[in-house]
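Undergrad: The structure file target.tsv (TSV, C-alpha atoms and all ligand atoms) is provided below.
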```tsv
chain	number	residue	atom	x	y	z
A	1	MET	CA	13.87	-10.23	11.68
A	2	PRO	CA	12.37	-7.34	9.68
A	3	HIS	CA	12.49	-3.59	10.20
A	4	PHE	CA	9.42	-1.40	9.57
A	5	LEU	CA	10.64	1.73	7.81
A	6	ASN	CA	8.52	2.52	4.76
A	7	LEU	CA	5.08	1.03	4.11
A	8	ASN	CA	5.52	1.81	0.42
A	9	ALA	CA	8.58	-0.40	0.16
A	10	MET	CA	6.62	-3.41	1.44
A	11	PRO	CA	4.74	-5.87	-0.78
A	12	LEU	CA	0.99	-5.13	-0.80
A	13	PRO	CA	0.06	-8.55	0.67
A	14	VAL	CA	2.22	-7.71	3.71
A	15	VAL	CA	0.48	-4.33	4.07
A	16	GLN	CA	-2.87	-6.08	3.81
A	17	GLN	CA	-1.79	-8.61	6.44
A	18	LEU	CA	-0.78	-5.77	8.79
A	19	LEU	CA	-4.21	-4.21	8.26
A	20	THR	CA	-5.91	-7.52	9.03
A	21	ARG	CA	-3.86	-7.95	12.20
A	22	ALA	CA	-4.60	-4.38	13.37
A	23	LEU	CA	-8.32	-4.95	12.86
A	24	ALA	CA	-8.10	-8.32	14.66
A	25	PHE	CA	-6.48	-6.61	17.67
A	26	LYS	CA	-9.22	-3.99	17.57
A	27	ASP	CA	-11.79	-6.80	17.55
A	28	GLY	CA	-10.28	-8.07	20.79
A	29	GLU	CA	-7.75	-10.68	19.71
A	30	LYS	CA	-5.17	-11.08	22.46
A	31	PRO	CA	-1.55	-10.84	21.29
A	32	VAL	CA	0.93	-13.56	22.14
A	33	ASP	CA	2.92	-12.12	25.06
A	34	LYS	CA	6.22	-10.63	23.79
A	35	ALA	CA	8.36	-10.47	26.91
A	36	THR	CA	11.14	-8.48	25.33
A	37	PHE	CA	12.63	-5.00	25.67
A	38	VAL	CA	11.80	-2.01	23.46
A	39	THR	CA	12.97	1.59	23.47
A	40	ASN	CA	11.34	4.69	21.99
A	41	ILE	CA	13.86	7.22	20.65
A	42	PHE	CA	12.05	10.43	19.69
A	43	LEU	CA	14.41	13.06	18.32
A	44	GLU	CA	11.45	15.19	17.20
A	45	ASN	CA	8.46	16.08	19.36
A	46	SER	CA	5.46	13.77	19.43
A	47	THR	CA	2.41	13.12	21.55
A	48	ARG	CA	0.25	10.64	19.59
A	49	THR	CA	2.85	8.43	18.00
A	50	GLN	CA	5.02	8.13	21.09
A	51	SER	CA	2.18	7.51	23.55
A	52	SER	CA	0.30	5.10	21.30
A	53	PHE	CA	3.50	3.09	20.71
A	54	GLN	CA	3.88	2.98	24.51
A	55	VAL	CA	0.33	1.65	24.93
A	56	ALA	CA	0.78	-0.84	22.06
A	57	GLU	CA	4.06	-2.09	23.57
A	58	ALA	CA	2.41	-2.59	26.97
A	59	LYS	CA	-0.47	-4.49	25.35
A	60	MET	CA	2.09	-6.71	23.58
A	61	GLY	CA	3.68	-7.53	26.95
A	62	MET	CA	6.90	-5.66	26.11
A	63	GLN	CA	9.10	-3.88	28.68
A	64	GLN	CA	9.96	-0.28	27.81
A	65	VAL	CA	13.51	0.99	28.36
A	66	SER	CA	13.14	4.75	28.79
A	67	PHE	CA	15.17	7.12	26.65
A	68	ASP	CA	15.27	10.91	26.78
A	69	PRO	CA	17.47	12.46	24.06
A	70	LYS	CA	18.15	15.54	26.21
A	71	THR	CA	19.64	13.59	29.12
A	72	SER	CA	21.13	10.77	27.02
A	73	SER	CA	24.71	10.45	25.80
A	74	LEU	CA	23.56	11.73	22.40
A	75	SER	CA	24.08	15.11	24.07
A	76	LYS	CA	27.76	14.14	24.62
A	77	GLY	CA	28.18	13.34	20.94
A	78	GLU	CA	27.40	9.61	20.90
A	79	THR	CA	25.98	8.69	17.51
A	80	LEU	CA	22.53	7.22	16.96
A	81	ALA	CA	24.22	4.11	15.51
A	82	ASP	CA	26.26	3.59	18.69
A	83	THR	CA	23.18	4.27	20.83
A	84	LEU	CA	21.25	1.59	18.94
A	85	LYS	CA	24.13	-0.91	19.16
A	86	LEU	CA	24.22	-0.27	22.91
A	87	PHE	CA	20.48	-0.99	23.19
A	88	LYS	CA	20.91	-4.26	21.30
A	89	ALA	CA	23.91	-5.19	23.48
A	90	ILE	CA	21.82	-4.80	26.65
A	91	GLY	CA	19.03	-6.93	25.23
A	92	THR	CA	16.63	-4.46	23.59
A	93	GLU	CA	15.13	-6.15	20.53
A	94	VAL	CA	13.12	-3.23	19.08
A	95	ALA	CA	13.79	0.51	18.73
A	96	VAL	CA	11.08	2.92	17.63
A	97	VAL	CA	12.76	6.01	16.18
A	98	ARG	CA	11.41	9.41	15.16
A	99	HIS	CA	14.06	11.49	13.42
A	100	PHE	CA	14.24	14.95	11.85
A	101	GLU	CA	16.27	13.54	8.89
A	102	GLU	CA	14.65	11.78	5.95
A	103	ARG	CA	15.75	8.18	5.57
A	104	TRP	CA	17.74	8.29	8.83
A	105	TRP	CA	18.09	4.52	8.61
A	106	ASP	CA	20.21	4.36	5.42
A	107	ALA	CA	23.52	4.99	7.20
A	108	LEU	CA	22.52	2.71	10.09
A	109	LEU	CA	21.68	-0.22	7.84
A	110	ALA	CA	24.96	0.24	5.97
A	111	ASP	CA	26.72	0.13	9.37
A	112	GLN	CA	24.78	-2.77	10.90
A	113	GLY	CA	27.27	-5.43	9.77
A	114	ARG	CA	29.74	-4.04	12.34
A	115	ALA	CA	27.55	-4.82	15.35
A	116	PRO	CA	23.97	-6.00	15.79
A	117	MET	CA	21.17	-3.45	16.12
A	118	PRO	CA	17.60	-3.76	17.36
A	119	ASN	CA	14.82	-4.11	14.81
A	120	LEU	CA	13.94	-0.59	13.74
A	121	ILE	CA	10.53	1.04	13.45
A	122	ASN	CA	10.26	4.40	11.68
A	123	ALA	CA	8.00	6.70	13.72
A	124	GLY	CA	8.41	9.50	11.16
A	125	ASP	CA	11.48	10.73	9.24
A	126	GLY	CA	11.55	14.48	8.57
A	127	SER	CA	9.27	15.20	5.60
A	128	GLY	CA	9.83	11.65	4.30
A	129	GLN	CA	7.48	8.89	5.48
A	130	HIS	CA	5.20	8.20	8.45
A	131	PRO	CA	4.38	4.52	7.94
A	132	SER	CA	2.67	3.81	11.27
A	133	GLN	CA	0.39	6.83	10.69
A	134	SER	CA	-0.36	5.51	7.20
A	135	LEU	CA	-1.27	2.11	8.57
A	136	LEU	CA	-3.66	3.58	11.14
A	137	ASP	CA	-5.16	5.76	8.39
A	138	LEU	CA	-5.69	2.65	6.24
A	139	VAL	CA	-7.34	0.90	9.21
A	140	THR	CA	-9.68	3.88	9.64
A	141	ILE	CA	-10.59	4.00	5.94
A	142	GLN	CA	-11.08	0.23	5.76
A	143	GLU	CA	-13.47	0.39	8.73
A	144	ASN	CA	-15.61	2.93	6.91
A	145	PHE	CA	-15.58	1.55	3.35
A	146	ALA	CA	-15.64	-1.96	1.96
A	147	SER	CA	-12.61	-1.41	-0.24
A	148	PHE	CA	-10.00	1.19	-1.20
A	149	ALA	CA	-10.67	0.65	-4.91
A	150	ASN	CA	-12.15	3.73	-6.60
A	151	LEU	CA	-12.50	5.75	-3.40
A	152	ASN	CA	-12.06	9.47	-4.06
A	153	ILE	CA	-9.53	10.70	-1.53
A	154	ARG	CA	-8.45	14.34	-1.33
A	155	ILE	CA	-5.36	15.32	0.65
A	156	VAL	CA	-5.37	19.02	1.54
A	157	GLY	CA	-2.81	21.49	2.82
A	158	ASP	CA	0.89	21.59	3.57
A	159	LEU	CA	1.90	18.77	1.23
A	160	ALA	CA	5.52	19.86	0.90
A	161	HIS	CA	6.36	19.25	4.54
A	162	SER	CA	4.04	16.33	5.20
A	163	ARG	CA	5.41	12.84	5.64
A	164	VAL	CA	1.81	11.72	6.16
A	165	ALA	CA	0.81	12.99	2.71
A	166	ARG	CA	3.79	11.35	1.05
A	167	SER	CA	3.21	7.99	2.77
A	168	ASN	CA	-0.53	8.02	2.18
A	169	ALA	CA	-0.61	9.27	-1.41
A	170	GLU	CA	1.57	6.39	-2.56
A	171	ILE	CA	-0.01	3.55	-0.60
A	172	LEU	CA	-3.58	4.69	-1.31
A	173	THR	CA	-2.83	4.89	-5.04
A	174	LYS	CA	-1.36	1.38	-4.93
A	175	LEU	CA	-4.53	0.17	-3.22
A	176	GLY	CA	-6.66	1.56	-6.05
A	177	ALA	CA	-7.97	4.84	-4.62
A	178	HIS	CA	-8.22	8.01	-6.76
A	179	VAL	CA	-6.09	10.54	-4.91
A	180	THR	CA	-6.19	14.29	-5.59
A	181	PHE	CA	-4.41	17.12	-3.81
A	182	ALA	CA	-5.43	20.66	-2.85
A	183	GLY	CA	-3.84	23.54	-1.01
A	184	PRO	CA	-1.39	26.36	-1.73
A	185	ILE	CA	0.44	25.58	-4.95
A	186	ALA	CA	3.68	26.75	-3.30
A	187	TRP	CA	3.31	23.79	-0.94
A	188	TYR	CA	2.76	21.26	-3.72
A	189	PRO	CA	5.79	19.15	-4.61
A	190	SER	CA	5.61	18.32	-8.31
A	191	ASP	CA	6.66	14.71	-7.72
A	192	PHE	CA	3.19	14.18	-6.20
A	193	ASP	CA	1.88	14.30	-9.81
A	194	GLU	CA	2.77	10.63	-9.95
A	195	PHE	CA	-0.07	9.89	-7.50
A	196	GLY	CA	-2.78	12.38	-8.54
A	197	ALA	CA	-3.61	15.86	-9.77
A	198	HIS	CA	-3.48	19.11	-7.82
A	199	VAL	CA	-6.98	20.62	-8.02
A	200	ALA	CA	-9.00	23.46	-6.48
A	201	LEU	CA	-10.25	22.39	-3.05
A	202	ASP	CA	-13.91	22.68	-4.04
A	203	ASP	CA	-13.45	20.80	-7.32
A	204	ALA	CA	-15.76	17.70	-7.30
A	205	TRP	CA	-16.00	18.23	-3.53
A	206	GLU	CA	-19.35	16.43	-3.28
A	207	GLN	CA	-17.80	13.32	-4.86
A	208	GLN	CA	-15.09	12.89	-2.24
A	209	ASP	CA	-15.26	9.85	0.06
A	210	VAL	CA	-12.35	10.87	2.28
A	211	VAL	CA	-10.95	14.34	2.85
A	212	MET	CA	-7.67	14.30	4.71
A	213	PHE	CA	-6.52	17.69	6.05
A	214	LEU	CA	-2.87	18.25	6.94
A	215	ARG	CA	-1.40	20.40	9.67
A	216	VAL	CA	0.32	23.62	8.64
A	217	GLN	CA	3.82	22.83	9.91
A	218	HIS	CA	5.09	26.17	11.19
A	219	GLU	CA	8.20	24.51	12.60
A	220	ARG	CA	9.25	23.56	9.05
A	221	LEU	CA	8.11	26.76	7.28
A	222	GLY	CA	10.85	29.06	8.45
A	223	GLU	CA	10.38	32.37	10.24
A	224	ALA	CA	9.59	34.56	7.22
A	225	GLN	CA	6.92	32.27	5.75
A	226	SER	CA	5.43	31.61	9.16
A	227	ALA	CA	5.24	35.34	9.94
A	228	GLU	CA	3.42	35.99	6.63
A	229	PHE	CA	0.89	33.22	7.23
A	230	ASP	CA	-2.68	34.57	7.40
A	231	VAL	CA	-4.98	32.23	9.34
A	232	ALA	CA	-8.29	33.68	8.11
A	233	GLN	CA	-7.18	33.68	4.49
A	234	TYR	CA	-5.87	30.11	4.70
A	235	HIS	CA	-9.00	28.82	6.44
A	236	ALA	CA	-11.29	30.46	3.85
A	237	ALA	CA	-9.29	29.07	0.94
A	238	TYR	CA	-8.27	25.61	2.19
A	239	GLY	CA	-10.04	24.90	5.47
A	240	LEU	CA	-13.08	22.87	6.45
A	241	ASN	CA	-15.91	25.29	7.26
A	242	ASP	CA	-19.67	24.78	7.71
A	243	GLU	CA	-20.42	25.29	4.03
A	244	ARG	CA	-17.93	22.69	2.88
A	245	TYR	CA	-18.96	20.29	5.63
A	246	ALA	CA	-22.63	20.55	4.60
A	247	ALA	CA	-21.74	19.85	0.96
A	248	LEU	CA	-19.96	16.57	1.75
A	249	LYS	CA	-21.55	13.23	0.88
A	250	LYS	CA	-23.23	11.82	3.99
A	251	SER	CA	-20.93	8.78	3.76
A	252	ALA	CA	-17.76	10.89	3.44
A	253	ILE	CA	-15.28	11.04	6.29
A	254	ILE	CA	-12.92	13.77	7.48
A	255	MET	CA	-9.43	12.80	8.59
A	256	HIS	CA	-6.41	14.66	9.99
A	257	PRO	CA	-3.23	13.09	11.40
A	258	ALA	CA	-3.24	15.71	14.20
A	259	PRO	CA	-2.23	17.72	16.06
A	260	VAL	CA	-4.90	19.96	14.49
A	261	ASN	CA	-4.46	23.72	14.31
A	262	ARG	CA	-8.07	24.37	15.26
A	263	GLY	CA	-9.61	27.13	13.17
A	264	VAL	CA	-6.90	26.77	10.53
A	265	GLU	CA	-7.22	23.41	8.73
A	266	ILE	CA	-10.60	22.65	10.32
A	267	ALA	CA	-13.08	24.96	12.07
A	268	ASP	CA	-12.83	24.36	15.82
A	269	HIS	CA	-16.39	23.01	16.18
A	270	LEU	CA	-15.99	20.61	13.22
A	271	VAL	CA	-13.02	18.70	14.67
A	272	GLU	CA	-15.49	16.47	16.55
A	273	ALA	CA	-18.28	16.64	13.90
A	274	PRO	CA	-20.18	13.38	13.19
A	275	GLN	CA	-18.31	12.78	9.93
A	276	SER	CA	-14.90	13.43	11.52
A	277	ARG	CA	-12.82	10.33	12.28
A	278	ILE	CA	-9.91	12.20	13.87
A	279	PHE	CA	-10.18	10.64	17.33
A	280	GLU	CA	-10.97	7.24	15.80
A	281	GLN	CA	-7.68	7.54	13.91
A	282	MET	CA	-5.88	8.07	17.23
A	283	ALA	CA	-7.61	5.05	18.78
A	284	ASN	CA	-6.69	2.94	15.75
A	285	GLY	CA	-3.05	4.01	16.20
A	286	VAL	CA	-2.68	1.58	19.09
A	287	PHE	CA	-3.95	-1.42	17.07
A	288	ALA	CA	-1.91	-0.50	13.99
A	289	ARG	CA	1.21	-0.23	16.15
A	290	MET	CA	0.50	-3.59	17.82
A	291	ALA	CA	0.42	-5.13	14.34
A	292	ILE	CA	3.73	-3.41	13.49
A	293	LEU	CA	5.39	-4.65	16.69
A	294	GLU	CA	4.16	-8.17	16.00
A	295	TYR	CA	5.62	-7.90	12.48
A	296	VAL	CA	9.09	-6.73	13.55
A	297	LEU	CA	9.19	-9.44	16.20
A	298	GLY	CA	8.74	-11.94	13.41
A	299	ALA	CA	5.42	-13.34	14.58
A	301	LIG	N1	0.20	12.34	13.97
A	301	LIG	C1	1.37	12.42	14.65
A	301	LIG	O1	2.43	11.94	14.21
A	301	LIG	O2	1.27	13.08	15.83
A	301	LIG	P1	2.46	13.29	16.86
A	301	LIG	O3	3.48	14.19	16.20
A	301	LIG	O4	1.83	13.90	18.08
A	301	LIG	O5	3.09	11.95	17.14
```
Please render this file's structure as structure tokens.
Ligand code: CP
TA:
Amino acid sequence: MPHFLNLNAMPLPVVQQLLTRALAFKDGEKPVDKATFVTNIFLENSTRTQSSFQVAEAKMGMQQVSFDPKTSSLSKGETLADTLKLFKAIGTEVAVVRHFEERWWDALLADQGRAPMPNLINAGDGSGQHPSQSLLDLVTIQENFASFANLNIRIVGDLAHSRVARSNAEILTKLGAHVTFAGPIAWYPSDFDEFGAHVALDDAWEQQDVVMFLRVQHERLGEAQSAEFDVAQYHAAYGLNDERYAALKKSAIIMHPAPVNRGVEIADHLVEAPQSRIFEQMANGVFARMAILEYVLGA
């Protein structure tokens, strides 16, 4: 049975199949009941990912085994590997894991020959990948445009710390979109050059089909950088304001993985603007995660 760890390591036909399944669930297709156990292990904070996995699991007919890292035996020094082996031993087939370390699964997969583990779903690994967010973003883009080919997609903001940017830049490029990046150059990792150029935010702005803003991740910036951060300056240079919104193509859409720092990445009143798809992205998260659960259960 497969794990779901990195969308970019999967063959494109499988990604396309996941997209098709997510859209089918959104269209009302009823999943085959999966009467099995699942646990959600979130070692970093989350609202959207955790709660939409919970809803998706319930819709799939799965039983959730609760897990709170603070009251679990992780706090007594039990390793994540032993925790996962325990869950498998008691009959839990799937574990959804959010972890502060990039590629947290490498050591676990190397260890899995010693005892069985549940099928793993990556709910975000440090600044690495966020594959379930990428899938829901693909669902949202596919709903708005006939194809990914030749779409102009700009990803804006804190690229260095963003697993969403890293996941999306790669998969969108593979699907044929033209990706560009904007934001403070200090937050631009040069390995993103492989997927597209870093440009001024307003460069060819009126040609963009999708503009994806990223949250400024104060928790990853460090105290000094965070203390220096000037909201007004950032918003003027890299944020969505009325002028930029008015200059968008009428068919263009605004995306943000959320949580949004209102008034920083996007002006407060534009978060729910007609061309914003931010809450649609959240709704699509449930259907994308149903498709992922179906995939790891081998359906
Ligand atoms: N987009 C996202 O991952 O949000 P949460 O951190 O709230 O899960």
Undergrad: Set the cut-off to 9 Å, count all atoms listed in the file, and list whatever residues fall near ligand LIG 301 (chain A) as a list in words.
TA: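 The distance check yields Glu44, Asn45, Ser46, Thr47, Arg48, Thr49, Gln50, Ser51, Ser52, Arg98, Ala123, Gly124, His130, Ser132, Gln133, Val164, His256, Pro257, Ala258, Pro259 and Met282 of chain A.
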Undergrad: Report the centre and edge lengths, in Å to one decimal, of an axis-aligned box enclosing every atom of region 232-242 of chain A listed in the file, padded by 8 Å on each side, as lines of an AutoDock Vina configuration file.
TA:
```
center_x = -12.8
center_y = 28.3
center_z = 4.5
size_x = 29.8
size_y = 26.8
size_z = 23.2
```
Undergrad: List as a ChimeraX atom specification the protein and nucleic acid residues near region 20-23 of chain A, meaning an atom at most 6 Å away when only C-alpha atoms are counted, but skip any in the same chain fewer than 2 places from it.
TA: /A:17-18,25-26,287-288,291
Undergrad: What does the distance from CA of Phe181 (chain A) to CA of Ala197 (chain A) come to in Å, to one decimal?
TA: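 A separation of 6.1 Å between them.
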Undergrad: Between CA of Glu223 (chain A) and CA of Glu265 (chain A), what is the spacing in Å?
TA: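 Answer for the CA of Glu265 (chain A) to CA of Glu223 (chain A) separation: 19.8 Å.
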Undergrad: Between A:Gly176, A:Gly183, A:Pro2, A:Pro116, single out the one closest to Phe195 (chain A), counting all atoms listed in the file.
TA: A:Gly176
Undergrad: Could you tell me how far CA of Arg289 (chain A) sits from CA of Asp209 (chain A), in Å to one decimal place?
TA: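 Between these atoms lies a distance of 25.1 Å.
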Undergrad: Just checking: using all atoms listed in the file, which residue out of A:Val96, A:Leu159, A:Val216, A:Val199 ends up closest to Phe42 (chain A)?
TA: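 Among A:Val96, A:Leu159, A:Val216, A:Val199, it is A:Val96 that comes nearest to Phe42 (chain A).
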Undergrad: Residues near Glu219 (chain A), anyone? I mean within 12 Å using only C-alpha atoms, not counting same-chain ones fewer than 6 positions away, as a PyMOL selection string.
TA: chain A and resi 44-45+100+126-127+158+161-162+225-227
Undergrad: Using only C-alpha atoms, please write the residues we just selected to a file, as an mmCIF file, keeping the file's coordinate frame.
TA:
```cif
data_model
loop_
_atom_site.group_PDB
_atom_site.id
_atom_site.type_symbol
_atom_site.label_atom_id
_atom_site.label_comp_id
_atom_site.auth_asym_id
_atom_site.auth_seq_id
_atom_site.Cartn_x
_atom_site.Cartn_y
_atom_site.Cartn_z
ATOM 1 C CA GLU A 44 11.450 15.190 17.200
ATOM 2 C CA ASN A 45 8.460 16.080 19.360
ATOM 3 C CA PHE A 100 14.240 14.950 11.850
ATOM 4 C CA GLY A 126 11.550 14.480 8.570
ATOM 5 C CA SER A 127 9.270 15.200 5.600
ATOM 6 C CA ASP A 158 0.890 21.590 3.570
ATOM 7 C CA HIS A 161 6.360 19.250 4.540
ATOM 8 C CA SER A 162 4.040 16.330 5.200
ATOM 9 C CA GLN A 225 6.920 32.270 5.750
ATOM 10 C CA SER A 226 5.430 31.610 9.160
ATOM 11 C CA ALA A 227 5.240 35.340 9.940
#
```
Undergrad: Could you check the closest approach to Pro189 (chain A) for each of A:Ala160, A:Ala107, A:Ala169, A:Ala204 and tell me which residue wins, using all atoms listed in the file?
TA: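 Of A:Ala160, A:Ala107, A:Ala169, A:Ala204, the one nearest Pro189 (chain A) is A:Ala160, counting all atoms listed in the file.
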Undergrad: Just the residues within 10 Å of Leu270 (chain A), please, counting all atoms listed in the file, with nothing from its chain fewer than 5 positions along; format it as a short mmCIF file (atom, residue, chain, number, x, y, z; two decimals) with C-alpha atoms, keeping the file's coordinate frame.
TA:
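Heads up, here's the output in part.cif:
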```
data_model
loop_
_atom_site.label_atom_id
_atom_site.label_comp_id
_atom_site.auth_asym_id
_atom_site.auth_seq_id
_atom_site.Cartn_x
_atom_site.Cartn_y
_atom_site.Cartn_z
CA LEU A 240 -13.08 22.87 6.45
CA ASN A 241 -15.91 25.29 7.26
CA ASP A 242 -19.67 24.78 7.71
CA TYR A 245 -18.96 20.29 5.63
CA ILE A 254 -12.92 13.77 7.48
CA ARG A 262 -8.07 24.37 15.26
CA GLY A 263 -9.61 27.13 13.17
CA GLN A 275 -18.31 12.78 9.93
CA SER A 276 -14.90 13.43 11.52
#
```
Undergrad: Please write a file for region 77-94 of chain A, taken from the block I just shared, that holds N, CA, C and O atoms and is laid out as a tab-separated table (two decimals), in the first residue's frame.
TA:
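To be explicit, this is the file written out as selection.tsv:
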```
chain	number	residue	atom	x	y	z
A	77	GLY	N	9.81	10.65	25.67
A	77	GLY	CA	10.98	10.27	24.89
A	77	GLY	C	10.73	9.15	23.89
A	77	GLY	O	11.66	8.71	23.21
A	78	GLU	N	9.50	8.67	23.78
A	78	GLU	CA	9.23	7.64	22.76
A	78	GLU	C	9.45	8.27	21.38
A	78	GLU	O	9.09	9.44	21.15
A	79	THR	N	10.03	7.52	20.48
A	79	THR	CA	10.32	8.08	19.15
A	79	THR	C	9.05	8.06	18.30
A	79	THR	O	8.10	7.30	18.57
A	80	LEU	N	9.10	8.87	17.22
A	80	LEU	CA	7.97	8.86	16.28
A	80	LEU	C	7.85	7.48	15.63
A	80	LEU	O	6.75	6.97	15.43
A	81	ALA	N	9.00	6.86	15.33
A	81	ALA	CA	8.98	5.53	14.70
A	81	ALA	C	8.25	4.54	15.61
A	81	ALA	O	7.38	3.78	15.15
A	82	ASP	N	8.57	4.54	16.90
A	82	ASP	CA	7.92	3.60	17.82
A	82	ASP	C	6.44	3.94	17.99
A	82	ASP	O	5.61	3.04	18.13
A	83	THR	N	6.13	5.23	17.97
A	83	THR	CA	4.72	5.64	18.07
A	83	THR	C	3.94	5.09	16.87
A	83	THR	O	2.83	4.55	17.01
A	84	LEU	N	4.54	5.20	15.68
A	84	LEU	CA	3.85	4.74	14.47
A	84	LEU	C	3.72	3.21	14.46
A	84	LEU	O	2.69	2.67	14.05
A	85	LYS	N	4.76	2.52	14.93
A	85	LYS	CA	4.69	1.05	15.00
A	85	LYS	C	3.58	0.63	15.97
A	85	LYS	O	2.87	-0.35	15.74
A	86	LEU	N	3.48	1.37	17.08
A	86	LEU	CA	2.40	1.10	18.04
A	86	LEU	C	1.03	1.26	17.35
A	86	LEU	O	0.16	0.38	17.48
A	87	PHE	N	0.87	2.35	16.60
A	87	PHE	CA	-0.44	2.57	15.96
A	87	PHE	C	-0.77	1.43	14.99
A	87	PHE	O	-1.90	0.96	14.94
A	88	LYS	N	0.24	0.98	14.25
A	88	LYS	CA	0.00	-0.14	13.33
A	88	LYS	C	-0.37	-1.40	14.13
A	88	LYS	O	-1.30	-2.14	13.78
A	89	ALA	N	0.36	-1.61	15.24
A	89	ALA	CA	0.12	-2.83	16.04
A	89	ALA	C	-1.32	-2.87	16.58
A	89	ALA	O	-1.90	-3.95	16.72
A	90	ILE	N	-1.89	-1.70	16.87
A	90	ILE	CA	-3.26	-1.70	17.41
A	90	ILE	C	-4.31	-1.57	16.31
A	90	ILE	O	-5.50	-1.40	16.59
A	91	GLY	N	-3.85	-1.63	15.06
A	91	GLY	CA	-4.82	-1.72	13.96
A	91	GLY	C	-5.09	-0.43	13.20
A	91	GLY	O	-6.07	-0.34	12.47
A	92	THR	N	-4.21	0.56	13.36
A	92	THR	CA	-4.39	1.84	12.65
A	92	THR	C	-3.67	1.76	11.31
A	92	THR	O	-2.44	1.59	11.27
A	93	GLU	N	-4.42	1.87	10.23
A	93	GLU	CA	-3.84	1.64	8.89
A	93	GLU	C	-3.19	2.88	8.31
A	93	GLU	O	-2.35	2.78	7.42
A	94	VAL	N	-3.62	4.07	8.75
A	94	VAL	CA	-3.14	5.32	8.13
A	94	VAL	C	-2.73	6.30	9.23
A	94	VAL	O	-3.45	6.46	10.23
```
